[in-house]
Structures are given as structure tokens and as C-alpha cells.
>>> print(open('upload_14.txt').read())   # compact mmCIF, C-alpha atoms
# COMPACT_ATOMS: atom_id res chain seq x y z
CA MET A 26 176.50 -125.76 212.04
CA THR A 27 174.01 -123.30 213.54
CA ARG A 28 175.21 -120.48 211.26
CA TRP A 29 175.02 -122.77 208.21
CA LEU A 30 171.44 -123.73 209.11
CA ILE A 31 170.42 -120.08 209.56
CA ASP A 32 172.00 -119.13 206.21
CA THR A 33 170.25 -122.04 204.47
CA LEU A 34 166.84 -121.20 205.91
CA THR A 35 167.05 -117.48 205.16
CA LEU A 36 168.25 -118.13 201.60
CA LEU A 37 165.44 -120.63 201.05
CA LEU A 38 162.88 -118.12 202.30
CA GLY A 39 164.35 -115.48 199.99
CA ARG A 40 164.16 -117.75 196.97
CA LEU A 41 160.57 -118.65 197.71
CA ARG A 42 159.77 -114.92 197.57
CA ARG A 43 161.93 -114.06 194.55
CA HIS A 44 158.98 -113.30 192.24
CA ARG A 45 157.06 -111.01 194.59
CA ARG A 46 156.66 -107.24 194.22
CA VAL A 47 156.40 -104.68 197.01
CA GLY A 48 155.65 -101.00 196.90
CA ALA A 49 158.47 -98.47 196.70
CA THR A 50 158.08 -95.99 199.55
CA PRO A 51 159.39 -92.42 199.10
CA ASP A 52 161.36 -90.70 201.83
CA PRO A 53 158.92 -88.22 203.45
CA VAL A 54 161.70 -85.62 203.64
CA ASP A 55 163.09 -85.47 200.08
CA ARG A 56 160.29 -87.47 198.34
CA LEU A 57 162.86 -89.72 196.67
CA VAL A 58 162.45 -93.49 196.52
CA LYS A 59 165.80 -94.75 197.81
CA VAL A 60 166.74 -98.42 198.00
CA ASN A 61 169.74 -99.81 199.92
CA LEU A 62 170.73 -103.27 198.63
CA GLY A 63 172.57 -105.78 200.79
CA CYS A 64 172.43 -103.27 203.59
CA GLY A 65 173.11 -105.37 206.68
CA LEU A 66 172.46 -102.85 209.43
CA ALA A 67 174.27 -99.95 207.70
CA VAL A 68 171.14 -97.88 207.03
CA ALA A 69 169.95 -94.29 206.85
CA PRO A 70 166.53 -92.74 207.58
CA GLY A 71 164.03 -92.75 204.73
CA TRP A 72 165.56 -95.66 202.79
CA THR A 73 164.03 -99.03 201.95
CA ASN A 74 166.62 -101.62 202.99
CA VAL A 75 166.75 -104.97 201.19
CA ASP A 76 168.83 -107.86 202.49
CA ALA A 77 168.90 -111.67 202.52
CA SER A 78 170.13 -111.90 206.10
CA LEU A 79 168.36 -113.09 209.23
CA ASN A 80 168.11 -109.50 210.49
CA ALA A 81 165.83 -108.54 207.60
CA VAL A 82 163.51 -111.38 208.61
CA LEU A 83 163.61 -110.47 212.29
CA ALA A 84 162.93 -106.78 211.56
CA ASN A 85 159.28 -107.62 210.91
CA LEU A 86 158.77 -109.07 214.38
CA PRO A 87 156.91 -107.04 217.01
CA LYS A 88 159.31 -104.66 218.74
CA ALA A 89 158.85 -106.45 222.07
CA LEU A 90 160.39 -109.61 220.57
CA LEU A 91 163.47 -107.95 219.09
CA PRO A 92 165.60 -108.31 222.27
CA VAL A 93 165.05 -112.07 221.99
CA ALA A 94 165.96 -111.94 218.28
CA TYR A 95 169.11 -110.02 219.20
CA ARG A 96 170.51 -113.09 220.92
CA LEU A 97 170.09 -115.13 217.71
CA SER A 98 171.75 -112.55 215.50
CA GLY A 99 175.46 -112.31 214.79
CA SER A 100 174.98 -108.55 215.10
CA ASN A 101 175.27 -108.90 218.86
CA ARG A 102 179.04 -108.83 218.29
CA TYR A 103 178.86 -105.28 216.95
CA TYR A 104 175.77 -103.61 218.44
CA THR A 105 174.22 -103.29 221.85
CA CYS A 106 170.71 -104.64 222.27
CA GLU A 107 169.33 -101.10 222.41
CA GLN A 108 171.09 -100.14 219.15
CA TYR A 109 169.88 -103.32 217.47
CA VAL A 110 166.25 -102.79 218.46
CA ALA A 111 166.36 -99.15 217.38
CA LEU A 112 167.83 -100.01 213.96
CA LEU A 113 165.33 -102.77 213.18
CA SER A 114 162.24 -101.04 214.54
CA GLY A 115 163.09 -97.58 213.18
CA ASN A 116 163.82 -98.50 209.56
CA ARG A 117 162.08 -100.39 206.75
CA PHE A 118 163.61 -103.78 205.91
CA ILE A 119 162.60 -106.22 203.19
CA HIS A 120 163.95 -109.77 203.21
CA HIS A 121 164.83 -110.82 199.67
CA ASP A 122 167.45 -112.94 197.88
CA LEU A 123 169.24 -110.34 195.78
CA ALA A 124 171.08 -112.93 193.71
CA HIS A 125 167.89 -113.54 191.71
CA SER A 126 165.78 -110.38 191.49
CA LEU A 127 164.64 -107.16 193.09
CA PRO A 128 161.13 -106.90 194.55
CA PHE A 129 160.14 -103.58 192.95
CA ALA A 130 158.21 -102.65 189.81
CA ASP A 131 159.83 -101.15 186.71
CA ASN A 132 160.77 -97.43 186.79
CA THR A 133 159.78 -96.81 190.42
CA VAL A 134 163.06 -96.04 192.22
CA ASP A 135 165.12 -92.84 192.18
CA VAL A 136 168.34 -94.08 193.81
CA VAL A 137 169.93 -97.51 194.31
CA TYR A 138 172.80 -97.77 196.79
CA SER A 139 174.90 -100.80 197.66
CA SER A 140 177.96 -100.92 199.89
CA HIS A 141 180.23 -103.93 200.43
CA PHE A 142 177.66 -106.36 199.11
CA VAL A 143 178.20 -107.00 195.39
CA GLU A 144 181.46 -108.85 196.11
CA HIS A 145 179.41 -111.42 198.06
CA LEU A 146 177.74 -112.49 194.81
CA PHE A 147 179.14 -114.63 192.03
CA ARG A 148 179.89 -112.68 188.87
CA ASP A 149 176.75 -113.74 186.99
CA GLU A 150 174.61 -112.94 190.05
CA ALA A 151 176.17 -109.47 190.29
CA MET A 152 175.39 -108.86 186.62
CA GLN A 153 171.79 -109.91 187.23
CA LEU A 154 171.60 -107.51 190.19
CA MET A 155 172.85 -104.62 188.05
CA ARG A 156 170.29 -105.44 185.34
CA GLU A 157 167.56 -105.55 187.95
CA SER A 158 168.78 -102.23 189.37
CA LEU A 159 168.51 -100.69 185.90
CA ARG A 160 165.00 -102.10 185.54
CA ILE A 161 163.63 -100.64 188.76
CA LEU A 162 165.27 -97.23 188.38
CA LYS A 163 163.38 -94.36 186.81
CA PRO A 164 164.96 -92.95 183.61
CA GLY A 165 167.89 -90.83 184.74
CA GLY A 166 167.98 -92.64 188.10
CA LEU A 167 171.23 -93.13 189.98
CA VAL A 168 173.09 -96.19 191.24
CA ARG A 169 176.05 -95.99 193.64
CA VAL A 170 178.05 -99.18 194.12
CA CYS A 171 180.77 -99.45 196.75
CA VAL A 172 183.02 -102.54 196.86
CA PRO A 173 186.43 -103.51 198.24
CA ASP A 174 188.95 -102.21 195.73
CA LEU A 175 190.89 -105.07 194.13
CA ALA A 176 193.64 -102.63 193.10
CA HIS A 177 194.06 -101.61 196.75
CA ALA A 178 194.19 -105.27 197.84
CA VAL A 179 196.90 -106.03 195.25
CA GLU A 180 198.89 -103.00 196.40
CA ARG A 181 198.71 -104.26 199.99
CA TYR A 182 200.06 -107.59 198.73
CA ARG A 183 202.92 -105.83 196.94
CA GLN A 184 203.75 -104.01 200.16
CA GLY A 185 204.23 -107.34 201.91
CA HIS A 186 200.81 -107.72 203.52
CA ALA A 187 199.87 -111.02 201.87
CA ARG A 188 198.09 -112.50 204.91
CA GLU A 189 196.01 -109.34 205.40
CA MET A 190 195.07 -109.31 201.71
CA LEU A 191 193.96 -112.96 201.77
CA GLU A 192 192.04 -112.75 205.04
CA GLN A 193 190.46 -109.29 204.83
CA TYR A 194 189.70 -109.10 201.10
CA PHE A 195 189.23 -112.72 200.04
CA PHE A 196 188.07 -114.24 203.34
CA VAL A 197 189.97 -117.45 202.55
CA GLU A 198 189.61 -118.87 206.07
CA ASP A 199 186.12 -117.63 206.93
CA ARG A 200 183.97 -120.71 207.48
CA SER A 201 181.35 -118.96 209.60
CA SER A 202 178.90 -118.04 206.83
CA PHE A 203 178.45 -118.67 203.12
CA LEU A 204 176.73 -115.28 202.84
CA ALA A 205 179.73 -113.51 204.37
CA ARG A 206 182.32 -114.84 201.92
CA HIS A 207 183.64 -112.79 199.03
CA LYS A 208 182.93 -114.53 195.72
CA TYR A 209 184.30 -111.99 193.23
CA MET A 210 186.43 -108.84 193.37
CA TYR A 211 186.47 -105.62 191.33
CA ASP A 212 188.78 -102.85 190.33
CA PHE A 213 187.33 -99.80 188.58
CA ALA A 214 187.57 -101.28 185.08
CA LEU A 215 185.83 -104.52 186.07
CA LEU A 216 183.01 -102.71 187.87
CA ARG A 217 182.64 -100.15 185.08
CA ASP A 218 182.35 -102.92 182.51
CA THR A 219 179.74 -104.72 184.59
CA LEU A 220 177.62 -101.58 184.90
CA ALA A 221 178.01 -100.78 181.20
CA ALA A 222 177.02 -104.31 180.19
CA ALA A 223 173.89 -103.95 182.35
CA GLY A 224 172.94 -100.80 180.42
CA PHE A 225 174.16 -97.97 182.68
CA ALA A 226 175.76 -94.77 181.35
CA GLN A 227 177.76 -91.84 182.80
CA ILE A 228 179.82 -94.29 184.85
CA GLY A 229 182.39 -92.58 187.03
CA ARG A 230 184.60 -93.17 190.02
CA CYS A 231 183.82 -91.10 193.11
CA ALA A 232 185.64 -90.25 196.28
CA TYR A 233 184.56 -91.27 199.76
CA ARG A 234 181.35 -89.43 200.73
CA ALA A 235 181.47 -87.46 197.48
CA GLY A 236 179.05 -87.87 194.59
CA HIS A 237 175.40 -87.38 193.66
CA ALA A 238 173.79 -90.05 195.85
CA PRO A 239 171.94 -88.75 198.92
CA ASP A 240 172.94 -89.56 202.51
CA ILE A 241 176.42 -90.83 201.64
CA ALA A 242 177.79 -89.06 204.72
CA LEU A 243 175.81 -91.68 206.67
CA LEU A 244 176.13 -94.66 204.33
CA ASP A 245 179.69 -94.62 202.94
CA ASN A 246 182.23 -96.40 205.11
CA ARG A 247 185.75 -97.88 205.00
CA PRO A 248 187.27 -95.11 202.85
CA ASP A 249 190.79 -96.52 202.48
CA GLU A 250 189.85 -99.91 201.01
CA THR A 251 186.69 -99.05 199.07
CA LEU A 252 186.02 -98.33 195.40
CA PHE A 253 183.08 -95.90 194.99
CA VAL A 254 181.34 -95.79 191.59
CA GLU A 255 178.18 -94.01 190.40
CA ALA A 256 176.22 -94.45 187.18
CA HIS A 257 172.89 -93.37 185.69
CA LYS A 258 170.10 -95.12 183.86
CA PRO A 259 169.87 -93.48 180.42
CA VAL A 260 166.84 -91.22 180.13
CA SER A 261 165.83 -92.82 176.86
CA ALA A 262 166.51 -96.40 177.96
CA SER A 263 163.81 -98.98 177.59
CA PRO A 264 163.49 -100.83 180.89
CA ALA A 265 164.61 -104.44 180.94
CA PRO A 266 161.59 -106.72 181.23
CA SER A 267 160.93 -108.08 184.69
CA PRO A 268 161.21 -111.86 185.18
CA ALA A 269 157.44 -112.03 185.63
CA ALA A 270 156.80 -110.13 182.40
CA ALA A 271 159.24 -112.32 180.52
CA ARG A 272 157.45 -115.46 181.63
CA ASN A 273 154.13 -114.07 180.34
CA HIS A 274 155.39 -113.74 176.76
>>> encode(input="upload_14.txt", output="C-alpha cells")
Amino acid sequence: MTRWLIDTLTLLLGRLRRHRRVGATPDPVDRLVKVNLGCGLAVAPGWTNVDASLNAVLANLPKALLPVAYRLSGSNRYYTCEQYVALLSGNRFIHHDLAHSLPFADNTVDVVYSSHFVEHLFRDEAMQLMRESLRILKPGGLVRVCVPDLAHAVERYRQGHAREMLEQYFFVEDRSSFLARHKYMYDFALLRDTLAAAGFAQIGRCAYRAGHAPDIALLDNRPDETLFVEAHKPVSASPAPSPAAARNH
């Protein structure tokens, strides 16, 4: 009940903010504007991390209060208090409901990265996220999407691991959190078609920690079960209108 209430409140807050815009901050080292979508706490220095979870809300608290916030967070199962405080205080987090929009202006981002998040959205929400990613990227900008590989899950099933496939890939018995459940799955063809329908080009499958996106040695994880795909915004593409701009016409 407590987890359901937290999910409900954080989603409501995200939806109330879905039309806002925030500045895109470049990494002081490489001067690229890099955005990590649905990041959880899997972050890298210099990135702007966008998430709908409680942690993204708590990250904006004064550092002295973060040990108290740690006790409220489910992350206390995976991180020590010191690690948790360092991650939230040392990185930029923006709380936002990614099922509806992205909080950045058109053509302002160099790289969009997302790992093990898109499968937590319904199919139409994932399509909206890809369209929004295209909108915020500069012409020629890069998106890297990493999701559990449906083909790998099916192969595990064929090998006799049905329970593992159902529990680890489809989360059929996970009642702890609506946000944590998988709502759609992708193989390469399904993800490629989603990116192409959103307007991306040069769509290709990548290997673990291999590709054109920066910092993937820090960000990529779970190599055996993950599908890694990169695509580019066409240089000549006209940006999709933002929701705010569409309402003004």
C-alpha cells in the first residue's frame, strides 16, 4: 500500500509538471548536452538525468536531509546510505513523467540515452517518448536505447527456463510497484520500427559498451539480456512541434 501511494503521488506530480521546460546543461568536460531518460540511479558524470521516481524528487532536497530520504527509498536495498547521498547530491536529476513529454526545448540536446526503461511504458507511450526524443535532439543528434531483448527471453523459454522468462522479463508476479512492471517488450525489429516511425534514421544494433554514445562504459549494463540500438535524428529533419507549440496553433 505504501509503495502504491508513493507511485501515485510521484506520477501525479510528474503529470502536473508535464508542460514545463528546463534548460539543457552541457557537460563541462565534452560540452555535449547529454540526457539520460528513466535513469533510476544508473548515472554518469555530466549527464542530466530525468526520471519519474521518488529518487528524482528527493534529489532536490538539501544534502543534509538525504540520509532521511534514504530510508523512504527502495534504493536502500541496493545502495549504502553513503552511496545514495553521493549519487543524488553529485548529479543533476529532474523529476518528470516521461510517458507524456520531455522537459527540454526543441533542438537543444546532443545525446539521448535510455537503459531498461522503455519497456516500462505502454507501446503508445514509448512511441511518444521517441517522438519527443527526436524533437529535443539537435539535427544529427544521437539516441541510444537499451531494453531487455525479447528474442533472448524467448530463447530462454525454449531452453526450458519458462519461470525465469516470466518473472525476470515480464514481471508477472511483481505487485510491488506499477512503475517497475514491464508493459511491452521489444526485439530488434520492433524497436527499429518504433524508432523509424518516430522519424529516426541510421538505426543499427550495437554491442554491449560499443557504439557512438558517450560514457557507455559507465552506463551500459546487463550485457547478456539487453538489446542495444542507436539511431540519429536526420540532419535535414524538421523538428516535431512541442505540445505547447501545438496548442498555440
>>> atom_distance(input="upload_14.txt", atom1="atom CA of Ala69 of chain A", atom2="atom CA of Glu150 of chain A")
25.5 Å
>>> atom_distance(input="upload_14.txt", atom1="atom CA of Leu66 of chain A", atom2="atom CA of Val134 of chain A")
20.8 Å
>>> closest_residue(input="upload_14.txt", among="A:Tyr103, A:Tyr233, A:Tyr194, A:Phe142", to="Asp174 of chain A", atoms="all atoms listed in the file")
A:Tyr194
>>> residues_around(input="upload_14.txt", residues="Val54 of chain A", least_positions_apart="3", cutoff="12 Å", atoms="only C-alpha atoms", output="VMD selection string")
chain A and resid 50 to 51 57 to 59 70 to 72 239 to 240
>>> closest_residue(input="upload_14.txt", among="A:Gly236, A:Pro53, A:Gly65, A:Pro87", to="His141 of chain A", atoms="all atoms listed in the file")
A:Gly65
>>> closest_residue(input="upload_14.txt", among="A:Leu244, A:Ile228, A:Ala111, A:Ala176", to="Asp212 of chain A", atoms="all atoms listed in the file")
A:Ala176
>>> atom_distance(input="upload_14.txt", atom1="atom CA of Tyr138 of chain A", atom2="atom CA of Arg160 of chain A")
14.4 Å
>>> closest_residue(input="upload_14.txt", among="A:Ala130, A:Leu175, A:Leu112, A:Leu162", to="Asp249 of chain A", atoms="all atoms listed in the file")
A:Leu175
>>> residues_around(input="upload_14.txt", residues="Asn74 of chain A", least_positions_apart="6", cutoff="9 Å", atoms="only C-alpha atoms", output="VMD selection string")
chain A and resid 59 to 66 68 81 116 to 120
>>> build_atoms(input="upload_14.txt", residues="segment 154-182 of chain A", atoms="N, CA and C atoms", output="mmCIF file, in the coordinates of the input")
data_model
loop_
_atom_site.group_PDB
_atom_site.id
_atom_site.type_symbol
_atom_site.label_atom_id
_atom_site.label_comp_id
_atom_site.auth_asym_id
_atom_site.auth_seq_id
_atom_site.Cartn_x
_atom_site.Cartn_y
_atom_site.Cartn_z
ATOM 1 N N LEU A 154 171.992 -108.573 189.258
ATOM 2 C CA LEU A 154 171.600 -107.510 190.190
ATOM 3 C C LEU A 154 171.683 -106.144 189.526
ATOM 4 N N MET A 155 172.725 -105.902 188.726
ATOM 5 C CA MET A 155 172.850 -104.620 188.050
ATOM 6 C C MET A 155 171.757 -104.442 186.999
ATOM 7 N N ARG A 156 171.398 -105.526 186.296
ATOM 8 C CA ARG A 156 170.290 -105.440 185.340
ATOM 9 C C ARG A 156 168.974 -105.147 186.039
ATOM 10 N N GLU A 157 168.767 -105.791 187.169
ATOM 11 C CA GLU A 157 167.560 -105.550 187.950
ATOM 12 C C GLU A 157 167.546 -104.118 188.497
ATOM 13 N N SER A 158 168.701 -103.612 188.891
ATOM 14 C CA SER A 158 168.780 -102.230 189.370
ATOM 15 C C SER A 158 168.405 -101.262 188.263
ATOM 16 N N LEU A 159 168.883 -101.522 187.040
ATOM 17 C CA LEU A 159 168.510 -100.690 185.900
ATOM 18 C C LEU A 159 167.003 -100.748 185.671
ATOM 19 N N ARG A 160 166.439 -101.926 185.782
ATOM 20 C CA ARG A 160 165.000 -102.100 185.540
ATOM 21 C C ARG A 160 164.149 -101.282 186.506
ATOM 22 N N ILE A 161 164.486 -101.308 187.774
ATOM 23 C CA ILE A 161 163.630 -100.640 188.760
ATOM 24 C C ILE A 161 163.850 -99.130 188.813
ATOM 25 N N LEU A 162 165.005 -98.662 188.343
ATOM 26 C CA LEU A 162 165.270 -97.230 188.380
ATOM 27 C C LEU A 162 164.427 -96.470 187.364
ATOM 28 N N LYS A 163 164.024 -95.272 187.748
ATOM 29 C CA LYS A 163 163.380 -94.360 186.810
ATOM 30 C C LYS A 163 164.420 -93.900 185.786
ATOM 31 N N PRO A 164 164.010 -93.514 184.575
ATOM 32 C CA PRO A 164 164.960 -92.950 183.610
ATOM 33 C C PRO A 164 165.732 -91.786 184.250
ATOM 34 N N GLY A 165 167.042 -91.829 184.114
ATOM 35 C CA GLY A 165 167.890 -90.830 184.740
ATOM 36 C C GLY A 165 168.262 -91.155 186.168
ATOM 37 N N GLY A 166 167.709 -92.256 186.724
ATOM 38 C CA GLY A 166 167.980 -92.640 188.100
ATOM 39 C C GLY A 166 169.435 -93.012 188.328
ATOM 40 N N LEU A 167 169.831 -92.997 189.596
ATOM 41 C CA LEU A 167 171.230 -93.130 189.980
ATOM 42 C C LEU A 167 171.484 -94.424 190.743
ATOM 43 N N VAL A 168 172.603 -95.071 190.435
ATOM 44 C CA VAL A 168 173.090 -96.190 191.240
ATOM 45 C C VAL A 168 174.474 -95.837 191.773
ATOM 46 N N ARG A 169 174.717 -96.137 193.040
ATOM 47 C CA ARG A 169 176.050 -95.990 193.640
ATOM 48 C C ARG A 169 176.453 -97.339 194.202
ATOM 49 N N VAL A 170 177.557 -97.874 193.700
ATOM 50 C CA VAL A 170 178.050 -99.180 194.120
ATOM 51 C C VAL A 170 179.406 -98.998 194.787
ATOM 52 N N CYS A 171 179.533 -99.549 195.984
ATOM 53 C CA CYS A 171 180.770 -99.450 196.750
ATOM 54 C C CYS A 171 181.248 -100.867 197.065
ATOM 55 N N VAL A 172 182.474 -101.187 196.669
ATOM 56 C CA VAL A 172 183.020 -102.540 196.860
ATOM 57 C C VAL A 172 184.466 -102.434 197.335
ATOM 58 N N PRO A 173 184.984 -103.498 197.947
ATOM 59 C CA PRO A 173 186.430 -103.510 198.240
ATOM 60 C C PRO A 173 187.210 -103.367 196.936
ATOM 61 N N ASP A 174 188.210 -102.517 196.939
ATOM 62 C CA ASP A 174 188.950 -102.210 195.730
ATOM 63 C C ASP A 174 190.045 -103.257 195.502
ATOM 64 N N LEU A 175 189.905 -104.042 194.436
ATOM 65 C CA LEU A 175 190.890 -105.070 194.130
ATOM 66 C C LEU A 175 192.275 -104.456 193.934
ATOM 67 N N ALA A 176 192.347 -103.282 193.313
ATOM 68 C CA ALA A 176 193.640 -102.630 193.100
ATOM 69 C C ALA A 176 194.313 -102.316 194.434
ATOM 70 N N HIS A 177 193.523 -101.890 195.420
ATOM 71 C CA HIS A 177 194.060 -101.610 196.750
ATOM 72 C C HIS A 177 194.557 -102.891 197.414
ATOM 73 N N ALA A 178 193.785 -103.986 197.254
ATOM 74 C CA ALA A 178 194.190 -105.270 197.840
ATOM 75 C C ALA A 178 195.507 -105.742 197.231
ATOM 76 N N VAL A 179 195.662 -105.611 195.909
ATOM 77 C CA VAL A 179 196.900 -106.030 195.250
ATOM 78 C C VAL A 179 198.068 -105.175 195.719
ATOM 79 N N GLU A 180 197.828 -103.882 195.910
ATOM 80 C CA GLU A 180 198.890 -103.000 196.400
ATOM 81 C C GLU A 180 199.328 -103.397 197.804
ATOM 82 N N ARG A 181 198.365 -103.781 198.654
ATOM 83 C CA ARG A 181 198.710 -104.260 199.990
ATOM 84 C C ARG A 181 199.576 -105.513 199.914
ATOM 85 N N TYR A 182 199.256 -106.390 198.946
ATOM 86 C CA TYR A 182 200.060 -107.590 198.730
ATOM 87 C C TYR A 182 201.485 -107.204 198.318
#
